[in-house]
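Participant: See query-v6.tsv below, with TSV, C-alpha atoms.
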chain	number	residue	atom	x	y	z
A	1	MET	CA	-19.67	-42.64	38.43
A	2	LYS	CA	-17.68	-39.79	39.93
A	3	ASN	CA	-14.78	-40.97	42.08
A	4	GLU	CA	-15.21	-39.19	45.42
A	5	HIS	CA	-11.70	-40.14	46.50
A	6	LEU	CA	-9.78	-38.32	43.78
A	7	PRO	CA	-7.60	-35.57	45.29
A	8	GLU	CA	-8.61	-32.00	44.53
A	9	LEU	CA	-6.26	-30.46	42.00
A	10	PRO	CA	-5.20	-26.82	42.27
A	11	LEU	CA	-6.53	-24.35	39.72
A	12	ALA	CA	-3.00	-22.95	39.35
A	13	SER	CA	0.35	-23.08	41.11
A	14	PHE	CA	3.65	-21.21	41.21
A	15	GLN	CA	6.94	-21.16	43.10
A	16	VAL	CA	8.62	-18.37	45.06
A	17	ILE	CA	12.40	-18.09	45.48
A	18	THR	CA	14.52	-15.23	46.72
A	19	ASP	CA	18.03	-14.13	47.69
A	20	THR	CA	19.96	-16.45	45.40
A	21	HIS	CA	23.04	-14.16	45.67
A	22	VAL	CA	24.74	-15.70	42.63
A	23	ARG	CA	28.53	-15.21	42.63
A	24	ASP	CA	31.06	-15.30	39.79
A	25	ASP	CA	32.48	-18.62	41.03
A	26	ALA	CA	30.58	-21.62	39.64
A	27	ASP	CA	31.51	-23.68	42.69
A	28	HIS	CA	30.37	-21.09	45.24
A	29	ILE	CA	27.83	-22.48	47.72
A	30	HIS	CA	25.22	-19.92	46.62
A	31	ASN	CA	25.50	-21.08	43.01
A	32	ARG	CA	25.37	-24.73	43.98
A	33	HIS	CA	22.28	-24.03	46.07
A	34	LEU	CA	20.58	-22.38	43.09
A	35	VAL	CA	21.39	-25.37	40.88
A	36	GLN	CA	19.88	-27.67	43.53
A	37	ALA	CA	16.82	-25.46	43.89
A	38	LEU	CA	16.07	-25.35	40.17
A	39	ALA	CA	16.60	-29.09	39.78
A	40	ASP	CA	14.28	-29.74	42.71
A	41	ILE	CA	11.59	-27.32	41.49
A	42	ALA	CA	11.60	-29.13	38.13
A	43	THR	CA	10.38	-32.28	39.91
A	44	PHE	CA	7.09	-30.74	41.10
A	45	SER	CA	6.42	-27.66	38.93
A	46	GLN	CA	4.71	-29.25	35.93
A	47	GLY	CA	1.99	-26.85	34.77
A	48	SER	CA	3.31	-24.07	37.00
A	49	SER	CA	2.36	-20.46	36.25
A	50	GLY	CA	5.98	-19.51	36.88
A	51	ILE	CA	8.80	-19.02	39.35
A	52	MET	CA	8.62	-15.65	41.09
A	53	HIS	CA	12.04	-14.37	42.23
A	54	VAL	CA	11.86	-11.82	45.06
A	55	GLY	CA	15.25	-10.15	44.58
A	56	ASP	CA	18.96	-10.22	45.39
A	57	VAL	CA	19.38	-12.33	42.28
A	58	THR	CA	23.14	-11.68	42.34
A	59	ASP	CA	25.42	-10.93	45.27
A	60	ARG	CA	27.05	-7.78	43.86
A	61	GLY	CA	25.36	-7.07	40.54
A	62	LEU	CA	28.59	-7.60	38.60
A	63	PRO	CA	28.83	-8.75	34.95
A	64	ALA	CA	30.56	-12.02	35.82
A	65	GLU	CA	27.74	-12.88	38.23
A	66	TYR	CA	25.09	-12.25	35.59
A	67	ARG	CA	27.03	-14.48	33.18
A	68	GLU	CA	27.12	-17.22	35.79
A	69	LEU	CA	23.37	-16.80	36.37
A	70	GLU	CA	22.74	-17.16	32.64
A	71	ARG	CA	24.84	-20.33	32.58
A	72	ILE	CA	22.83	-21.87	35.40
A	73	LEU	CA	19.47	-20.88	33.91
A	74	LYS	CA	20.41	-22.22	30.49
A	75	GLN	CA	21.32	-25.53	32.10
A	76	HIS	CA	17.78	-25.95	33.52
A	77	ALA	CA	15.63	-23.91	31.11
A	78	GLU	CA	13.93	-26.84	29.37
A	79	ASN	CA	12.55	-28.22	32.63
A	80	LEU	CA	11.38	-25.00	34.26
A	81	PRO	CA	8.51	-22.51	33.90
A	82	ASP	CA	9.22	-18.84	33.19
A	83	ILE	CA	10.98	-16.85	35.91
A	84	ARG	CA	9.88	-13.31	36.76
A	85	TYR	CA	12.07	-11.04	38.84
A	86	THR	CA	11.99	-8.43	41.60
A	87	VAL	CA	14.91	-6.04	42.12
A	88	GLY	CA	16.92	-6.49	45.32
A	89	ASN	CA	19.35	-4.14	47.04
A	90	HIS	CA	22.34	-6.35	46.23
A	91	ASP	CA	21.42	-6.19	42.53
A	92	ILE	CA	21.08	-2.43	42.16
A	93	GLY	CA	22.37	-0.86	45.39
A	94	ALA	CA	25.01	1.84	45.81
A	95	ILE	CA	27.27	-0.62	47.62
A	96	VAL	CA	29.14	-3.59	46.20
A	97	PHE	CA	29.37	-5.96	49.15
A	98	GLN	CA	32.87	-7.37	49.13
A	99	ASP	CA	35.95	-7.07	51.36
A	100	PRO	CA	36.13	-4.16	51.81
A	101	PRO	CA	32.67	-3.09	50.57
A	102	LEU	CA	32.72	-0.38	47.89
A	103	PHE	CA	30.49	2.69	48.16
A	104	LEU	CA	29.82	3.43	44.47
A	105	VAL	CA	28.43	6.95	44.80
A	106	GLY	CA	31.81	8.08	46.09
A	107	MET	CA	33.55	6.85	42.93
A	108	THR	CA	33.98	8.57	39.57
A	109	SER	CA	31.98	7.52	36.53
A	110	SER	CA	35.10	5.93	35.03
A	111	GLU	CA	35.76	3.92	38.17
A	112	VAL	CA	32.18	2.65	38.28
A	113	ALA	CA	32.38	1.78	34.58
A	114	GLY	CA	35.53	-0.20	35.22
A	115	LEU	CA	33.79	-2.16	37.95
A	116	LEU	CA	30.31	-2.65	36.46
A	117	GLU	CA	31.22	-2.90	32.79
A	118	GLN	CA	34.58	-4.60	33.21
A	119	ASP	CA	36.28	-2.14	30.88
A	120	GLU	CA	39.80	-3.53	30.61
A	121	HIS	CA	41.13	-0.05	29.86
A	122	VAL	CA	39.81	1.44	33.10
A	123	GLU	CA	41.20	0.39	36.45
A	124	PRO	CA	39.12	1.67	39.39
A	125	THR	CA	41.21	3.52	41.95
A	126	ILE	CA	39.56	2.64	45.23
A	127	THR	CA	40.27	5.21	47.95
A	128	GLN	CA	38.00	3.82	50.65
A	129	THR	CA	39.71	2.14	53.56
A	130	LYS	CA	38.38	-1.06	55.05
A	131	ALA	CA	37.55	0.83	58.25
A	132	GLU	CA	35.55	3.45	56.34
A	133	SER	CA	33.62	0.78	54.46
A	134	ALA	CA	32.94	-1.18	57.64
A	135	ALA	CA	31.66	1.94	59.39
A	136	LEU	CA	29.31	2.67	56.49
A	137	VAL	CA	27.92	-0.85	56.44
A	138	GLU	CA	27.36	-0.63	60.21
A	139	GLN	CA	25.41	2.59	59.68
A	140	LEU	CA	23.33	0.91	56.99
A	141	SER	CA	22.56	-2.12	59.14
A	142	ARG	CA	21.35	0.16	61.94
A	143	GLY	CA	19.23	2.26	59.58
A	144	LEU	CA	21.24	5.43	60.24
A	145	TYR	CA	22.16	6.16	56.62
A	146	THR	CA	19.86	7.10	53.76
A	147	ILE	CA	20.45	8.13	50.16
A	148	GLN	CA	18.61	11.12	48.76
A	149	PRO	CA	18.71	12.29	45.11
A	150	PRO	CA	21.35	15.01	44.63
A	151	PRO	CA	20.01	18.51	43.81
A	152	ASP	CA	20.22	19.79	40.24
A	153	GLY	CA	22.18	16.78	39.00
A	154	GLU	CA	25.07	17.34	41.42
A	155	SER	CA	26.84	14.34	42.88
A	156	LEU	CA	26.16	13.17	46.41
A	157	LEU	CA	29.61	14.37	47.43
A	158	SER	CA	29.33	17.65	45.47
A	159	GLU	CA	32.16	16.58	43.19
A	160	VAL	CA	31.66	17.08	39.48
A	161	GLU	CA	33.55	13.92	38.62
A	162	SER	CA	31.64	11.65	41.04
A	163	ILE	CA	28.86	9.51	39.63
A	164	THR	CA	25.36	10.81	40.36
A	165	VAL	CA	22.64	8.75	42.00
A	166	ALA	CA	20.57	8.95	38.80
A	167	GLU	CA	23.46	7.75	36.62
A	168	LEU	CA	24.29	4.94	39.00
A	169	TRP	CA	20.65	3.84	39.13
A	170	HIS	CA	20.46	3.73	35.34
A	171	ARG	CA	23.60	1.61	35.06
A	172	ARG	CA	22.61	-0.82	37.79
A	173	LEU	CA	19.05	-1.32	36.51
A	174	SER	CA	20.26	-1.67	32.91
A	175	ASP	CA	22.59	-4.51	33.92
A	176	PHE	CA	19.74	-6.18	35.81
A	177	GLU	CA	17.40	-5.74	32.84
A	178	ALA	CA	19.86	-7.23	30.34
A	179	THR	CA	19.71	-10.63	32.05
A	180	THR	CA	16.25	-10.70	33.65
A	181	GLY	CA	14.20	-8.78	31.08
A	182	VAL	CA	12.84	-6.43	33.76
A	183	LYS	CA	12.13	-3.03	32.13
A	184	ARG	CA	11.60	-1.10	35.34
A	185	SER	CA	11.48	-1.87	39.04
A	186	TYR	CA	7.69	-2.29	39.12
A	187	HIS	CA	5.58	-4.33	36.71
A	188	ASP	CA	2.56	-6.61	36.63
A	189	HIS	CA	1.34	-9.71	34.78
A	190	TRP	CA	-1.91	-11.62	34.39
A	191	ILE	CA	-1.05	-15.31	34.37
A	192	ASP	CA	-3.62	-18.11	34.12
A	193	GLY	CA	-6.32	-15.72	35.31
A	194	TYR	CA	-4.50	-14.35	38.37
A	195	HIS	CA	-2.83	-11.00	38.93
A	196	TYR	CA	0.90	-10.88	39.82
A	197	ILE	CA	2.30	-7.49	40.86
A	198	PHE	CA	6.01	-6.76	41.39
A	199	LEU	CA	7.20	-3.72	43.37
A	200	GLY	CA	10.73	-2.41	43.83
A	201	THR	CA	13.01	0.44	44.79
A	202	GLU	CA	13.62	3.32	42.38
A	203	GLN	CA	16.90	4.43	43.93
A	204	PRO	CA	20.15	2.52	44.36
A	205	HIS	CA	19.77	2.56	48.12
A	206	PRO	CA	22.36	0.24	49.69
A	207	LYS	CA	19.81	-1.54	51.88
A	208	ASP	CA	16.27	-0.13	51.77
A	209	CYS	CA	13.47	0.34	49.25
A	210	GLU	CA	12.44	3.78	47.97
A	211	LEU	CA	9.00	3.84	46.31
A	212	SER	CA	8.13	6.91	44.25
A	213	ALA	CA	4.75	8.65	44.45
A	214	GLU	CA	4.21	7.51	40.85
A	215	GLN	CA	4.74	3.86	41.79
A	216	LEU	CA	2.30	4.13	44.69
A	217	VAL	CA	-0.36	5.66	42.42
A	218	TRP	CA	0.31	2.94	39.84
A	219	LEU	CA	-0.08	0.31	42.56
A	220	GLU	CA	-3.47	1.66	43.63
A	221	LEU	CA	-4.73	1.56	40.05
A	222	THR	CA	-3.19	-1.84	39.32
A	223	LEU	CA	-4.59	-3.48	42.46
A	224	SER	CA	-8.09	-2.35	41.49
A	225	GLU	CA	-8.07	-4.17	38.13
A	226	HIS	CA	-10.80	-6.85	38.26
A	227	ALA	CA	-10.32	-7.11	42.04
A	228	THR	CA	-12.86	-9.20	43.97
A	229	ALA	CA	-12.86	-10.22	47.62
A	230	ASP	CA	-12.88	-13.94	46.83
A	231	ARG	CA	-9.88	-13.94	44.46
A	232	PRO	CA	-6.24	-13.60	45.56
A	233	ILE	CA	-3.87	-10.98	44.19
A	234	PHE	CA	-0.17	-11.83	44.45
A	235	LEU	CA	2.46	-9.19	45.22
A	236	PHE	CA	6.24	-9.42	45.39
A	237	LEU	CA	8.64	-6.97	47.05
A	238	HIS	CA	12.19	-7.62	48.20
A	239	GLN	CA	12.11	-5.76	51.52
A	240	PRO	CA	9.39	-6.62	54.06
A	241	LEU	CA	7.20	-4.11	55.85
A	242	MET	CA	8.07	-3.39	59.46
A	243	ASN	CA	6.72	-5.72	62.17
A	244	THR	CA	5.17	-8.22	59.78
A	245	VAL	CA	7.05	-11.38	58.77
A	246	ALA	CA	10.07	-13.12	60.33
A	247	GLY	CA	13.12	-10.87	60.51
A	248	SER	CA	11.14	-7.65	60.01
A	249	MET	CA	10.61	-6.76	63.66
A	250	LYS	CA	11.79	-3.23	64.44
A	251	GLU	CA	14.50	-4.48	66.78
A	252	GLN	CA	15.79	-6.92	64.14
A	253	GLY	CA	16.37	-4.15	61.60
A	254	TRP	CA	15.59	-6.06	58.40
A	255	TYR	CA	12.39	-4.27	57.41
A	256	GLY	CA	13.21	-1.72	54.76
A	257	VAL	CA	10.47	0.19	52.90
A	258	ASN	CA	10.94	3.93	53.37
A	259	GLN	CA	7.27	4.48	52.51
A	260	ASP	CA	6.15	1.82	55.00
A	261	ALA	CA	3.04	3.69	56.21
A	262	GLU	CA	1.97	4.77	52.72
A	263	LEU	CA	2.30	1.26	51.32
A	264	LYS	CA	0.42	-0.27	54.25
A	265	ALA	CA	-2.43	2.22	53.72
A	266	ILE	CA	-2.82	1.11	50.10
A	267	LEU	CA	-2.53	-2.60	50.87
A	268	ALA	CA	-5.11	-2.33	53.67
A	269	GLN	CA	-7.75	-1.80	50.97
A	270	TYR	CA	-7.01	-5.29	49.57
A	271	PRO	CA	-6.95	-7.88	52.38
A	272	GLN	CA	-7.42	-10.59	49.74
A	273	ALA	CA	-3.89	-9.89	48.48
A	274	ILE	CA	-0.87	-11.98	49.46
A	275	LEU	CA	2.56	-10.31	49.66
A	276	PHE	CA	5.79	-12.32	49.37
A	277	THR	CA	9.05	-10.74	50.56
A	278	GLY	CA	12.71	-11.74	50.91
A	279	HIS	CA	15.72	-9.79	52.22
A	280	THR	CA	15.78	-11.25	55.75
A	281	HIS	CA	16.86	-14.83	54.82
A	282	TRP	CA	14.92	-16.04	57.87
A	283	GLN	CA	14.42	-19.81	57.84
A	284	LEU	CA	10.89	-21.06	57.22
A	285	GLU	CA	10.83	-22.95	60.52
A	286	ALA	CA	11.03	-19.67	62.44
A	287	PRO	CA	7.87	-18.09	63.87
A	288	ARG	CA	6.11	-15.45	61.74
A	289	THR	CA	6.91	-17.00	58.36
A	290	MET	CA	3.28	-16.05	57.70
A	291	TYR	CA	1.84	-12.72	58.82
A	292	ASP	CA	-1.94	-13.00	59.13
A	293	GLY	CA	-3.57	-9.76	58.05
A	294	GLU	CA	-6.80	-10.87	59.80
A	295	GLY	CA	-8.95	-9.12	57.23
A	296	HIS	CA	-7.33	-5.73	57.89
A	297	MET	CA	-4.20	-6.23	55.79
A	298	PRO	CA	-2.97	-8.68	53.15
A	299	THR	CA	-1.46	-11.96	54.29
A	300	MET	CA	2.33	-11.75	54.03
A	301	PHE	CA	4.99	-14.45	53.68
A	302	ASN	CA	8.71	-14.50	54.28
A	303	ALA	CA	10.12	-16.49	51.35
A	304	SER	CA	13.39	-17.40	53.14
A	305	SER	CA	16.48	-17.67	50.89
A	306	VAL	CA	18.08	-19.95	48.33
A	307	GLY	CA	21.63	-18.75	49.05
A	308	TYR	CA	21.84	-19.09	52.83
A	309	LEU	CA	19.55	-18.87	55.87
A	310	TRP	CA	19.26	-16.81	59.06
A	311	THR	CA	17.71	-17.62	62.42
A	312	ASP	CA	15.83	-15.93	65.28
A	313	GLN	CA	19.05	-16.31	67.26
A	314	ASP	CA	20.63	-13.88	64.78
A	315	GLU	CA	22.89	-16.59	63.40
A	316	HIS	CA	23.91	-17.70	59.92
A	317	LEU	CA	22.59	-21.12	58.92
A	318	GLU	CA	23.73	-23.04	55.86
A	319	GLY	CA	20.73	-24.14	53.81
A	320	SER	CA	18.43	-23.34	50.90
A	321	GLU	CA	14.65	-22.87	51.00
A	322	GLY	CA	11.69	-21.52	49.07
A	323	LEU	CA	7.91	-21.71	48.69
A	324	HIS	CA	5.43	-23.63	46.56
A	325	VAL	CA	1.99	-22.04	46.18
A	326	GLU	CA	-1.24	-23.80	45.16
A	327	ILE	CA	-4.43	-21.91	44.30
A	328	TYR	CA	-7.82	-23.50	44.93
A	329	LYS	CA	-11.33	-22.11	44.55
A	330	ASP	CA	-11.68	-21.25	48.25
A	331	ARG	CA	-8.09	-21.12	49.52
A	332	VAL	CA	-4.41	-20.66	48.77
A	333	VAL	CA	-1.96	-23.19	50.22
A	334	VAL	CA	1.69	-22.19	50.74
A	335	LYS	CA	4.25	-24.93	51.44
A	336	GLY	CA	7.89	-24.55	52.45
A	337	ARG	CA	10.51	-26.55	50.57
A	338	ASN	CA	14.02	-27.59	51.59
A	339	PHE	CA	15.94	-27.49	48.31
A	340	VAL	CA	18.99	-29.26	49.72
A	341	THR	CA	17.10	-32.37	50.84
A	342	GLY	CA	14.31	-32.09	48.28
A	343	GLU	CA	11.66	-32.38	50.99
A	344	TRP	CA	8.68	-30.38	52.26
A	345	ILE	CA	9.43	-28.57	55.52
A	346	GLU	CA	7.38	-29.92	58.41
A	347	GLY	CA	5.45	-27.14	60.10
A	348	ALA	CA	5.83	-24.79	57.14
A	349	GLU	CA	2.47	-25.28	55.43
A	350	PHE	CA	-0.05	-22.47	55.56
A	351	THR	CA	-3.58	-21.92	54.26
A	352	VAL	CA	-5.25	-18.61	53.40
A	353	HIS	CA	-9.01	-19.04	53.08
A	354	TYR	CA	-11.25	-17.14	50.65
A	355	PRO	CA	-13.17	-14.97	50.80
A	356	VAL	CA	-10.99	-13.27	53.39
A	357	LEU	CA	-13.13	-12.34	56.41
A	358	ASP	CA	-12.56	-9.69	59.07
As structure tokens, what does this structure read like?
Facilitator:
Amino acid sequence: MKNEHLPELPLASFQVITDTHVRDDADHIHNRHLVQALADIATFSQGSSGIMHVGDVTDRGLPAEYRELERILKQHAENLPDIRYTVGNHDIGAIVFQDPPLFLVGMTSSEVAGLLEQDEHVEPTITQTKAESAALVEQLSRGLYTIQPPPDGESLLSEVESITVAELWHRRLSDFEATTGVKRSYHDHWIDGYHYIFLGTEQPHPKDCELSAEQLVWLELTLSEHATADRPIFLFLHQPLMNTVAGSMKEQGWYGVNQDAELKAILAQYPQAILFTGHTHWQLEAPRTMYDGEGHMPTMFNASSVGYLWTDQDEHLEGSEGLHVEIYKDRVVVKGRNFVTGEWIEGAEFTVHYPVLD
């Protein structure tokens, strides 16, 4: 006789982490938080379709940080599902965030090589003052600065010896690829019968995401593959769309897709999709962790941060969080996890019902 009291098991599950900001110091709090997160995920991820990382894998995109990431992953590899990655601005951006921050496009190719490739024979000569760097970062945080491709291969500063945006992008993405296996900033995977789509910037913008026309066309075609109203499609993008999830309100300044309107127009055709974003670090207990598309847009989730958290009071908060996702026949359940305590976050459980209705 069928046991009516057996709990319903999900058809598939996966985990979402973001903003690990791995540093080159093994004892750094970000690194210790990632170790805790992976150890905790291993306790409930049996049979998982994978861990989806939504960007800012490293803090500065430097070789020593990637080596430290590889050390941590190797330590936990046997107990974890595959990890798939999204590019974040800290991984591939034109700024190395340190004290003072370094604006890479203003440096020569040799200086960038010395920094990103750790060439012992090349010592970068940094000419930026701390005040200049601070002013630039302030511009970036207020959305007043944008990077555009230089004309005819010229450098952004019209200096022959300065690294070009295209060259910098190639170097930064190549370093990211060497550790994560990501071949380009957008890619997709069919896993256990469900479609997973990763989007990402195609310029080394210090803060925002620049989507090419080619990527947007690819997205339209990719979303249409075997799409049905009663089956979720999962998307991952580091920067959130404006006025959607926690931290992305216009006045907060942590939205960041330059093609915001164009991307929203495409996504509006697929309200059954679910988009996971990072970048803001907003804690899962804050309002708007879930943005309800109400049948007009995809549901969207802020995935918080493994490295450190942020609050609606615009304050730093020490902590480490992520999401666990369960797929059922008629719904998707998203649960927030505190990786420091190894507990589910009360009030951070959400259900998206299928088929999605207007």
Participant: Considering all atoms listed in the file, state which residue in the set A:Leu38, A:Val352, A:Met52, A:Ile72 is at the smallest distance from Asp25 (chain A).
Facilitator: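 Distance minimum relative to Asp25 (chain A) lands on A:Ile72.
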Participant: Rank A:Ser162, A:Gln15, A:Leu62, A:Phe301 by their smallest atom-to-atom distance to Met107 (chain A), using all atoms listed in the file, and report the top residue only.
Facilitator: A:Ser162
Participant: Could you jot down the CA of Met297 (chain A) to CA of Gln272 (chain A) separation for me, Å, one decimal place?
Facilitator: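 Separation of CA of Met297 (chain A) and CA of Gln272 (chain A): 8.1 Å.
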Participant: Residues at most 10 Å from Arg23 (chain A), counting all atoms listed in the file, excluding those fewer than 3 positions away in the same chain, as a compact mmCIF listing (two decimals) with C-alpha atoms, in the coordinates of the input?
Facilitator:
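File around.txt, as written:
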# COMPACT_ATOMS: atom_id res chain seq x y z
CA THR A 20 19.96 -16.45 45.40
CA ALA A 26 30.58 -21.62 39.64
CA ASP A 27 31.51 -23.68 42.69
CA HIS A 28 30.37 -21.09 45.24
CA ILE A 29 27.83 -22.48 47.72
CA HIS A 30 25.22 -19.92 46.62
CA ASN A 31 25.50 -21.08 43.01
CA VAL A 57 19.38 -12.33 42.28
CA THR A 58 23.14 -11.68 42.34
CA ASP A 59 25.42 -10.93 45.27
CA ARG A 60 27.05 -7.78 43.86
CA GLY A 61 25.36 -7.07 40.54
CA LEU A 62 28.59 -7.60 38.60
CA ALA A 64 30.56 -12.02 35.82
CA GLU A 65 27.74 -12.88 38.23
CA TYR A 66 25.09 -12.25 35.59
CA ARG A 67 27.03 -14.48 33.18
CA GLU A 68 27.12 -17.22 35.79
CA LEU A 69 23.37 -16.80 36.37
Participant: In Å, with one decimal, what is the gap from CA of Glu202 (chain A) to CA of Ala246 (chain A)?
Facilitator: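 Going from CA of Glu202 (chain A) over to CA of Ala246 (chain A) covers 24.6 Å.
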Participant: Counting only C-alpha atoms, which residue out of A:Val333, A:Leu115, A:Val16, A:Leu309 sits closest to Ile51 (chain A)?
Facilitator: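 Nearest candidate to Ile51 (chain A) out of A:Val333, A:Leu115, A:Val16, A:Leu309: A:Val16.
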Participant: Every residue with an atom at most 10 Å from (-9.9, -1.7, 50.3) (file coordinates; all atoms listed in the file) is what I'm after, so could you write them as an MDAnalysis selection string?
Facilitator: chainID A and resid 220 223:224 227 229 265:272 296:297
Participant: Out of A:Glu111, A:Glu117, A:Glu251, A:Asp91, which residue has the shortest atom-to-atom distance to Glu177 (chain A) when counting only C-alpha atoms?
Facilitator: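 Distance minimum relative to Glu177 (chain A) lands on A:Asp91.
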Participant: What does the distance from CA of Pro240 (chain A) to CA of Gly106 (chain A) come to in Å, to one decimal?
Facilitator: 28.0 Å
Participant: Any idea what's packed within 12 Å of Ser45 (chain A), counting all atoms listed in the file, ignoring anything in its chain fewer than 2 positions away? Could you give it as a VMD selection string?
Facilitator: chain A and resid 12 to 16 37 to 43 47 to 51 79 to 82 323 to 326
Participant: For region 234-236 of chain A, list every protein, DNA or RNA residue within 8 Å, evaluated using only C-alpha atoms, and leave out those in the same chain fewer than 6 positions away; present the list as an mmCIF file with C-alpha atoms, in the coordinates of the input.
Facilitator:
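Written output follows (around36.cif):
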data_model
loop_
_atom_site.group_PDB
_atom_site.id
_atom_site.type_symbol
_atom_site.label_atom_id
_atom_site.label_comp_id
_atom_site.auth_asym_id
_atom_site.auth_seq_id
_atom_site.Cartn_x
_atom_site.Cartn_y
_atom_site.Cartn_z
ATOM 1 C CA MET A 52 8.620 -15.650 41.090
ATOM 2 C CA VAL A 54 11.860 -11.820 45.060
ATOM 3 C CA THR A 86 11.990 -8.430 41.600
ATOM 4 C CA TYR A 194 -4.500 -14.350 38.370
ATOM 5 C CA HIS A 195 -2.830 -11.000 38.930
ATOM 6 C CA TYR A 196 0.900 -10.880 39.820
ATOM 7 C CA ILE A 197 2.300 -7.490 40.860
ATOM 8 C CA PHE A 198 6.010 -6.760 41.390
ATOM 9 C CA LEU A 199 7.200 -3.720 43.370
ATOM 10 C CA ALA A 273 -3.890 -9.890 48.480
ATOM 11 C CA ILE A 274 -0.870 -11.980 49.460
ATOM 12 C CA LEU A 275 2.560 -10.310 49.660
ATOM 13 C CA PHE A 276 5.790 -12.320 49.370
ATOM 14 C CA THR A 277 9.050 -10.740 50.560
#
Participant: Which residue gives the smallest distance to Thr164 (chain A) among A:Asp208, A:Asp314, A:Thr108, A:Gly193, with all atoms listed in the file counted?
Facilitator: A:Thr108
Participant: Choose the residue, out of A:Glu78, A:Glu349, A:Lys329, A:Gln36, that has the smallest atom-to-atom separation from Arg231 (chain A); count only C-alpha atoms.
Facilitator: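 When distances to Arg231 (chain A) are compared using only C-alpha atoms, the smallest one comes from A:Lys329.
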Participant: Give me the residues near Gly200 (chain A) as number ranges by chain, where near means some atom within 7 Å (using only C-alpha atoms) and where sequence neighbours in that chain fewer than 6 positions away do not count.
Facilitator: A: 86-87, 185-186, 209, 211, 237-238
Participant: Could you write out that same residue set with C-alpha atoms as a short mmCIF file (atom, residue, chain, number, x, y, z; two decimals), keeping the file's coordinate frame?
Facilitator:
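Output contents, as saved in again.cif:
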data_model
loop_
_atom_site.label_atom_id
_atom_site.label_comp_id
_atom_site.auth_asym_id
_atom_site.auth_seq_id
_atom_site.Cartn_x
_atom_site.Cartn_y
_atom_site.Cartn_z
CA THR A 86 11.99 -8.43 41.60
CA VAL A 87 14.91 -6.04 42.12
CA SER A 185 11.48 -1.87 39.04
CA TYR A 186 7.69 -2.29 39.12
CA CYS A 209 13.47 0.34 49.25
CA LEU A 211 9.00 3.84 46.31
CA LEU A 237 8.64 -6.97 47.05
CA HIS A 238 12.19 -7.62 48.20
#
Participant: Show me the residues close to (9.4, -19.8, 57.7) - anything with an atom within 10 Å, counting all atoms listed in the file - and format the list as a list in words.
Facilitator: Val245, Ala246, His281, Trp282, Gln283, Leu284, Glu285, Ala286, Pro287, Arg288, Thr289, Met290, Phe301, Asn302, Ala303, Ser304, Thr311, Glu321, Gly322, Leu323, Lys335, Gly336, Arg337, Ile345, Gly347, Ala348 and Glu349 of chain A
Participant: Could you rebuild region 284-292 of chain A with N, CA, C and O atoms and give me the result as a short mmCIF file (atom, residue, chain, number, x, y, z; two decimals), in the frame of the given file?
Facilitator:
data_model
loop_
_atom_site.label_atom_id
_atom_site.label_comp_id
_atom_site.auth_asym_id
_atom_site.auth_seq_id
_atom_site.Cartn_x
_atom_site.Cartn_y
_atom_site.Cartn_z
N LEU A 284 12.33 -20.88 57.23
CA LEU A 284 10.89 -21.06 57.22
C LEU A 284 10.37 -21.72 58.50
O LEU A 284 9.17 -21.64 58.79
N GLU A 285 11.24 -22.34 59.26
CA GLU A 285 10.83 -22.95 60.52
C GLU A 285 10.70 -21.94 61.65
O GLU A 285 10.22 -22.27 62.73
N ALA A 286 11.13 -20.71 61.41
CA ALA A 286 11.03 -19.67 62.44
C ALA A 286 9.58 -19.22 62.58
O ALA A 286 8.78 -19.33 61.63
N PRO A 287 9.20 -18.69 63.74
CA PRO A 287 7.87 -18.09 63.87
C PRO A 287 7.71 -16.91 62.91
O PRO A 287 8.69 -16.32 62.48
N ARG A 288 6.48 -16.61 62.58
CA ARG A 288 6.11 -15.45 61.74
C ARG A 288 6.53 -15.61 60.28
O ARG A 288 6.70 -14.60 59.59
N THR A 289 6.73 -16.84 59.81
CA THR A 289 6.91 -17.00 58.36
C THR A 289 5.70 -16.44 57.64
O THR A 289 5.82 -15.80 56.59
N MET A 290 4.51 -16.65 58.22
CA MET A 290 3.28 -16.05 57.70
C MET A 290 2.81 -14.96 58.64
O MET A 290 2.73 -15.16 59.85
N TYR A 291 2.49 -13.79 58.09
CA TYR A 291 1.84 -12.72 58.82
C TYR A 291 0.38 -12.72 58.42
O TYR A 291 0.04 -12.55 57.25
N ASP A 292 -0.51 -12.95 59.39
CA ASP A 292 -1.94 -13.00 59.13
C ASP A 292 -2.52 -11.60 59.20
O ASP A 292 -2.54 -10.98 60.28
#
